[in-house]
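File shown: work_3.pdb (PDB, C-alpha atoms).
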```pdb
ATOM      1  CA  MET U  32      23.921 159.129 -97.186
ATOM      2  CA  PRO U  33      20.520 158.628 -95.502
ATOM      3  CA  PRO U  34      17.629 157.024 -97.405
ATOM      4  CA  VAL U  35      15.764 159.216 -99.849
ATOM      5  CA  THR U  36      12.614 160.775 -98.426
ATOM      6  CA  GLN U  37      11.903 163.111-101.326
ATOM      7  CA  ARG U  38       8.883 162.571-103.554
ATOM      8  CA  ILE U  39       9.846 161.470-107.062
ATOM      9  CA  ASP U  40       7.038 161.922-109.609
ATOM     10  CA  VAL U  41       7.533 160.142-112.927
ATOM     11  CA  GLU U  42       5.426 160.928-116.002
ATOM     12  CA  GLN U  43       5.782 159.051-119.292
ATOM     13  CA  LEU U  44       6.028 161.407-122.262
ATOM     14  CA  ASP U  45       6.277 159.014-125.164
ATOM     15  CA  GLU U  46       7.298 155.540-126.212
ATOM     16  CA  ASN U  47       8.427 153.772-129.344
ATOM     17  CA  ASP U  48       9.903 150.345-130.061
ATOM     18  CA  ASP U  49      13.395 151.142-128.836
ATOM     19  CA  ARG U  50      13.049 154.000-126.328
ATOM     20  CA  GLU U  51      10.755 155.509-123.701
ATOM     21  CA  ARG U  52      10.946 159.118-122.523
ATOM     22  CA  PHE U  53       9.931 160.387-119.082
ATOM     23  CA  ARG U  54       9.646 163.658-117.218
ATOM     24  CA  VAL U  55      10.645 163.497-113.559
ATOM     25  CA  HIS U  56       9.548 166.114-111.010
ATOM     26  CA  LEU U  57      11.575 166.389-107.839
ATOM     27  CA  ASN U  58      11.371 169.279-105.353
ATOM     28  CA  GLY U  59      10.691 171.877-108.039
ATOM     29  CA  ASN U  60      13.327 170.438-110.387
ATOM     30  CA  VAL U  61      12.290 168.863-113.674
ATOM     31  CA  TYR U  62      14.334 166.252-115.508
ATOM     32  CA  GLU U  63      13.892 164.440-118.803
ATOM     33  CA  VAL U  64      15.095 160.860-118.958
ATOM     34  CA  THR U  65      15.162 158.351-121.772
ATOM     35  CA  VAL U  66      15.347 154.589-121.309
ATOM     36  CA  SER U  67      16.310 152.234-124.117
ATOM     37  CA  ALA U  68      14.415 148.991-124.579
ATOM     38  CA  THR U  69      17.732 147.175-124.038
ATOM     39  CA  ASP U  70      18.324 148.844-120.661
ATOM     40  CA  LYS U  71      14.730 148.176-119.620
ATOM     41  CA  ARG U  72      15.055 144.456-120.474
ATOM     42  CA  GLU U  73      18.435 144.132-118.760
ATOM     43  CA  LEU U  74      17.790 146.177-115.614
ATOM     44  CA  ALA U  75      14.101 145.685-114.914
ATOM     45  CA  PRO U  76      12.614 142.613-116.565
ATOM     46  CA  GLY U  77       9.014 142.329-115.479
ATOM     47  CA  ALA U  78       8.936 145.774-113.839
ATOM     48  CA  GLN U  79       7.331 148.939-115.179
ATOM     49  CA  THR U  80       9.807 151.307-116.826
ATOM     50  CA  ALA U  81       8.510 154.140-114.625
ATOM     51  CA  ALA U  82       9.548 152.084-111.566
ATOM     52  CA  LEU U  83      13.037 151.748-113.053
ATOM     53  CA  VAL U  84      13.241 155.517-113.545
ATOM     54  CA  ARG U  85      11.919 156.246-110.034
ATOM     55  CA  GLU U  86      14.337 153.813-108.397
ATOM     56  CA  SER U  87      17.201 155.179-110.490
ATOM     57  CA  PHE U  88      16.462 158.665-109.156
ATOM     58  CA  ALA U  89      16.340 157.312-105.596
ATOM     59  CA  PHE U  90      19.759 155.742-106.262
ATOM     60  CA  LEU U  91      21.125 159.052-107.560
ATOM     61  CA  LEU U  92      19.710 161.053-104.647
ATOM     62  CA  GLU U  93      21.487 158.777-102.199
ATOM     63  CA  ARG U  94      24.743 159.875-103.819
ATOM     64  CA  GLU U  95      24.254 163.487-104.899
ATOM     65  CA  PRO U  96      21.942 166.470-104.385
ATOM     66  CA  PRO U  97      19.114 167.145-106.881
ATOM     67  CA  GLY U  98      20.991 170.110-108.367
ATOM     68  CA  SER U  99      23.870 167.842-109.410
ATOM     69  CA  ILE U 100      21.664 165.535-111.486
ATOM     70  CA  LEU U 101      21.750 166.336-115.197
ATOM     71  CA  PRO U 102      18.494 167.942-116.355
ATOM     72  CA  ARG U 103      18.334 165.683-119.424
ATOM     73  CA  PHE U 104      20.007 162.291-119.809
ATOM     74  CA  ASP U 105      19.697 158.689-120.912
ATOM     75  CA  LEU U 106      19.639 156.112-118.125
ATOM     76  CA  SER U 107      22.694 154.451-119.680
ATOM     77  CA  VAL U 108      24.948 157.323-118.516
ATOM     78  CA  ILE U 109      24.468 156.571-114.806
ATOM     79  CA  PRO U 110      27.055 153.726-114.703
ATOM     80  CA  ARG U 111      29.689 156.126-116.089
ATOM     81  CA  TYR U 112      29.431 158.106-112.862
ATOM     82  CA  PHE U 113      28.445 155.267-110.524
ATOM     83  CA  PRO U 114      29.896 151.913-111.647
ATOM     84  CA  GLY U 115      27.824 149.907-109.130
ATOM     85  CA  TYR U 116      24.521 151.237-110.495
ATOM     86  CA  ARG U 117      23.548 148.277-112.698
ATOM     87  CA  ALA U 118      24.010 145.631-109.996
ATOM     88  CA  GLU U 119      22.317 147.776-107.339
ATOM     89  CA  ILE U 120      19.299 148.719-109.466
ATOM     90  CA  LYS U 121      18.730 145.088-110.474
ATOM     91  CA  ARG U 122      18.847 144.082-106.809
ATOM     92  CA  ARG U 123      16.388 146.820-105.799
ATOM     93  CA  LEU U 124      13.875 145.986-108.503
ATOM     94  CA  ARG U 125      13.912 142.261-107.703
ATOM     95  CA  GLN U 126      12.726 142.963-104.131
TER      96      GLN U 126
END
```
Would you give me this structure, written as structure tokens?
Amino acid sequence: MPPVTQRIDVEQLDENDDRERFRVHLNGNVYEVTVSATDKRELAPGAQTAALVRESFAFLLEREPPGSILPRFDLSVIPRYFPGYRAEIKRRLRQ
């Protein structure tokens, strides 16, 4: 699929010691995403969690239309559908 050209707006809703929650706005669609502290440490050490969420949505949009993305999910479910996600997202966030 071609590179993503859609605007992905990420807004942090709340945070605690083990999880952060975000609202993502994309072309009139709204999603709620949670990210565990473990996933944040593993996938995006040194990066902002919002950047991880934004890049994860870019990854998803390269593979499926916005209407196919679950409206509410934890970032850890992405590898169930796309096994190469973890390696790819780490690579993208290191650049």
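Once segment 58-61 of chain U and its same-chain neighbours fewer than 4 positions away are set aside, U:Thr36, U:Gln37, U:Arg38, U:Ile39, U:Asp40, U:Val41, U:Glu42, U:Phe53, U:Arg54, U:Phe88, U:Leu92, U:Pro96, U:Pro97, U:Gly98, U:Ser99, U:Ile100, U:Leu101, U:Pro102, U:Arg103, U:Phe104 remain within 12 Å of it when counting only C-alpha atoms.
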Using all atoms listed in the file, what table do you get, as a tab-separated table, when you list each residue of segment 47-68 of chain U with an atom no more than 9 Å from segment 73-80 of chain U, its nearest pair of atoms, and their distance in Å rounded to one decimal, rows by chain then rising number?
```
residue	atom	partner	partner_atom	distance
U:Glu51	CA	U:Thr80	CA	8.1
U:Val66	CA	U:Thr80	CA	7.8
U:Ala68	CA	U:Glu73	CA	8.6
```
TODO: Using all atoms listed in the file, give me every residue within 9 Å of (13.9, 158.0, -121.7) in file coordinates, as a PyMOL selection string.
DONE: chain U and resi 43-46+50-54+63-67+84+104-106
Open item on the list: As a check of understanding, name the residues that the PyMOL selection byres ((chain U and resi 110-116) around 10) selects in the supplied structure, as a list in words.
Closed with: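 Going through the file, the PyMOL selection byres ((chain U and resi 110-116) around 10) ends up selecting Leu74, Ser87, Phe90, Leu91, Arg94, Leu106, Ser107, Val108, Ile109, Arg117, Ala118, Glu119, Ile120, Lys121 and Arg122 of chain U.
In this model, the gap between atom CA of Tyr62 of chain U and atom CA of Asn47 of chain U comes to 19.5 Å.
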Open item on the list: Calculated over only C-alpha atoms, which of the candidates U:Arg125, U:Glu95, U:Glu86, U:Lys71 has the smallest distance to Asp48 of chain U?
Closed with: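 Closest residue, counting only C-alpha atoms: U:Lys71.
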Adding 6 Å on each side of the box along x, y and z that holds all listed atoms of segment 36-47 of chain U, could you give its centre and edge lengths in Å to one decimal, as AutoDock Vina command-line options?
```
--center_x 9.0 --center_y 158.4 --center_z -113.9 --size_x 19.2 --size_y 21.3 --size_z 42.9
```
